[in-house]
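Student: Structure provided below as structure tokens; questions to follow.
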Amino acid sequence: MAPSTSKRLKAQKISRHFLIGNTAVQLPHPSFPDPPEGHSKGWKVYVRPLPNGPDLSSWLKKVQFKLHHTYADASRTIEAPGPFEISETGYGEFGVEIRLYFPPESGEKAQYREHYLVLGYYGSEEQQERQRKENFIVAERVETIEFNEPTQDFFKNLTNEEQFNWLKVKKGRGKGKKPEMVFQGEVPPSAQLPEKPVGEAQQKGGEPGKGGIWSAQYERQLVSQLDASEKQLARMIEEEKAAAEKRKERMQELGKKIDAAKA
Amino acid sequence: MAATERRTSAPARSFKRARVSRPPAHWEQTSIGDRPDVPLLKHWQKAAAQTPSFAKYKVEPEVPEFSDEQYEEHLKDPNWTLEETRYLIETYKGCNGKWTVIIDRYEKPERTMEDLKARFYAISAVMLQLETPIQSMTAPQYKMYETLKDFNPKQEMSRKRLAEGHLHRKKDEVDEEAVLLAELQRIMANQESLDSLREDLRKRLDYPKANTNSYQYSTSQALHALWQQLVNADRLRKNQRLRPVGPGQSATSIEGSTSGQTPASARPRESNAGTTQHEPSPASNTKLTEKDKRRFGITEVGPGEKLPSGVSFASDKLSKPRIAKSTVQTEKIAAVLSHIGVPDLIPLPTPPVIEAFESLMGKLHTLLDMRKVAEKEEQELRVREAEAGAQVKEE
């Protein structure tokens with residue numbers, strides 16, 4: 001490749017949010033027909049974009065999922081454009097190794113991430129009740145990948161409007177050279193988190209369904225939760241300080257006693 | 001629901017009934033629950049339909065409830081006493097949460113409506129948070145909590161003042177404002193069209209730099225061909241412009257000698273093409289607006305900071321600090337974190353979350369250091385106590 005294209009842009013960073021997670025259902029279930037003997041759960045592990053986020057294939061070339069070694073062909077690779085998902089049935093939880101490969105123009109090596117499958121009900125009682133009722137478990141998290149000082153070509157790809165095309169609708173009769181892409185959804189596409197929970201999640205009270213709960217509002221909730229924990233820590237530090245003060249007094253008292261006894 | 005009295009419709013109806021046959025109706029009186037302040041309601045009631053229930057309109061306003069201990073622990077405020085707080089909540093309940101009525105009925109010392117609201121919302125927020133800790137709040141609950149918490153009496157007051165000022169405007173002031181607004185709109189519209197024109201112009205100016213153009217003539221042969229083409233085109237013209245100039249002479253020499261020598265002009269041009277080819281990327285980089293940068297998730301780092309090379313994951317900043325060099329220390333960190341309610345996996349590694357987590361970890365390390373010191377001091381204390389005990393025995 002010509003040196004000009006692999007040149008890196010100094011002091012620039014491009015971040016992309018994406019989801020790593022799994023969904024799980026109790027078998028029997030219509031989407032998992034004829035499971036092998038002893039398999040009680042159907043699950044799907046995935047790497048997905050956020051509902052209003054840019055297309056993953058703008059920076060992701062392929063994903064390799066490494067399942068537990070008891071599965072037939074345990075390491076499975078999915079090439080762009082995806083969807084980067086693996087559907088399987090099973091009975092036990094295990095850590096899935098996820099290896100992300102980047103396109104050649106990025107000049108980056110593949111990276112490892114891990115996701116521990118969650119197949120059982122989890123969370124508060126209310127959440128567990130809902131999971132039981134709907135027979136649907138979602139365990140996912142947002143991951144943020146940061147491309148530090150990207151190459152020029154890679155930068156061009158990551159600032160291309162086409163990465164939002166998957167969210168848009170083709171307009172016009174398609175006779176022209178290029179169909180016009182128009183966005184008609186609810187939240188305008190962006191690499192940033194949406195302000196409020198998106199779509200279904202809003203009615204469902206923020207249950208993670210299709211990644212809809214991830215929003216700036218949720219971020220503020222997390223931050224204030226951490227702040228509350230920090231305040232608790234501050235109280236513990238105060239207590240510790242008081243205890244130290246007490247020990248000091250006791251020490252002095254004892255010292256005097258010893259001195260008195262000596263004298 | 002209500003006790004319902006029923007009078008049958010008057011029997012002597014001499015006028016002709018409407019042709020549409022309707023089920024007979026009754027004239028009814030309904031009283032609403034235990035509300036003596038509302039008079040009996042009189043209305044026609046279809047016979048077939050069920051008796052109307054006004055009970056559904058009897059909605060008790062939701063008020064935060066707290067015990068005296070809870071007040072002592074969480075709700076204290078130097079400007080408020082427990083009695084007055086309770087009085088406020090009673091009044092709120094009595095007036096169905098209508099603030100204009102509440103401020104009218106409020107008989108305690110002078111307070112503005114904003115004071116009352118601020119107090120009431122603050123209590124509601126605290127109680128809500130005590131009932132459901134933040135981490136288990138659902139999205140609507142948290143939204144509610146946020147609104148309650150973020151109530152700003154000063155802002156509210158200035159908003160009302162502005163609104164009031166708005167009411168007292170004079171006719172000519174209103175007219176002037178309308179004119180000014182129209183003017184502003186016109187300016188904005190002009191600005192927009194100017195912007196789009198400018199954008200267009202910029203695009204045109206950038207056009208020759210486009211990659212495809214320079215690629216096409218990047219080799220000396222291609223440039224030569226281009227030159228020939230231009231010369232041929234020029235020949236057809238009346239006043240030939242290319243001949244008299246330097247390159248033109250070299251072009252004629254090619255025609256004459258056919259030695260295949262590259263024209264002198266081609267060389268500098270080639271290198272030109274090369275440089276223009278390099279430029280577009282940084283240029284396109286600066287062309288991105290702030291909004292686009294946000295949209296594409298680009299952050300620029302100041303000259304002082306240094307970026308790690310290659311790819312990094314933000315969630316590592318939430319998981320790596322939990323692991324210390326020794327397993328014992330790691331376990332201690334985990335124990336404290338679970339005690340203060342920080343989950344093992346924080347599912348959203350955005351910069352504000354990371355910042356909050358890092359400041360929390362800072363405090364946590366202070367605490368662990370203090371505990372280490374405490375352990376040592378305890379040890380020393382025990383030694384001293386034993387010493388003192390021994391000396392007392394000796395005597």
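Chain lettering (A, B, ...) mirrors the order of the structure tokens, residue numbering begins at 1 for each chain separately, and ligand numbering begins at 1 in order of display.
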Run DSSP on the backbone and give me the residues of segment 32-182 of chain A it puts in strand (DSSP E or B), as a PyMOL selection string.

Tutor: chain A and resi 41-49+62-66+75-79+84-90+95-101+111-116+137-148+151+168-171+180-182

Student: Output as a ChimeraX atom specification the set of chain B residues within 8 Å of chain A, with distances taken over only C-alpha atoms.

Tutor: /B:134-136,138-140,142-143,278,281,294-303,306-315,340-342,346-350,352-353,356-357,360,363-364,366-367,370-371,374,377-378,381,384-385,387-388,391-392

Student: To one decimal place, how far is atom CA of Lys56 of chain B from atom CA of Trp44 of chain B in Å?

Tutor: 19.0 Å

Student: Find the distance between atom CA of Val328 of chain B and atom CA of Gly362 of chain B and write it in Å to one decimal.

Tutor: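 These atoms are spaced 18.3 Å apart.
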
Student: I'd like to know which of A:Pro49, A:Glu88, A:Ala72, A:Pro103 is closest to Phe154 of chain A, using only C-alpha atoms.

Tutor: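 That would be A:Pro103, the residue with the smallest distance to Phe154 of chain A.
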
Student: What is the distance, in Å and to one decimal place, between atom CA of Leu56 of chain A and atom CA of Glu97 of chain A?

Tutor: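 Going from atom CA of Leu56 of chain A over to atom CA of Glu97 of chain A covers 18.5 Å.
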
Student: List as a PyMOL selection string the protein and nucleic acid residues near Leu75 of chain B, meaning an atom at most 9 Å away when only C-alpha atoms are counted, but skip any in the same chain fewer than 6 places from it.

Tutor: chain B and resi 122-123+126-127

Student: Those residues you just picked out, can you put them in a file as an mmCIF file, in the first residue's frame with N, CA, C and O atoms?

Tutor:
data_model
loop_
_atom_site.group_PDB
_atom_site.id
_atom_site.type_symbol
_atom_site.label_atom_id
_atom_site.label_comp_id
_atom_site.auth_asym_id
_atom_site.auth_seq_id
_atom_site.Cartn_x
_atom_site.Cartn_y
_atom_site.Cartn_z
ATOM 1 N N ALA B 122 -38.274 17.734 46.595
ATOM 2 C CA ALA B 122 -37.057 17.167 47.191
ATOM 3 C C ALA B 122 -37.419 15.960 48.050
ATOM 4 O O ALA B 122 -36.786 14.906 47.963
ATOM 5 N N ILE B 123 -38.484 16.116 48.851
ATOM 6 C CA ILE B 123 -38.905 14.993 49.696
ATOM 7 C C ILE B 123 -39.334 13.820 48.839
ATOM 8 O O ILE B 123 -38.945 12.677 49.072
ATOM 9 N N VAL B 126 -36.298 12.010 47.467
ATOM 10 C CA VAL B 126 -35.575 11.224 48.462
ATOM 11 C C VAL B 126 -36.340 9.959 48.803
ATOM 12 O O VAL B 126 -35.775 8.860 48.859
ATOM 13 N N MET B 127 -37.661 10.112 48.987
ATOM 14 C CA MET B 127 -38.449 8.940 49.366
ATOM 15 C C MET B 127 -38.477 7.916 48.241
ATOM 16 O O MET B 127 -38.398 6.719 48.485
#

Student: Do you know which residues are at most 7 Å from Tyr145 of chain B counting only C-alpha atoms, after dropping those on the same chain fewer than 4 positions away, and could you put them as a VMD selection string?

Tutor: chain B and resid 125 141 149

Student: Excluding Gly82 of chain A and residues on its chain fewer than 5 positions from it, collect all residues at most 10 Å away from it, counting only C-alpha atoms, and give them as an MDAnalysis selection string.

Tutor: chainID A and resid 47:48 56:57 60:63
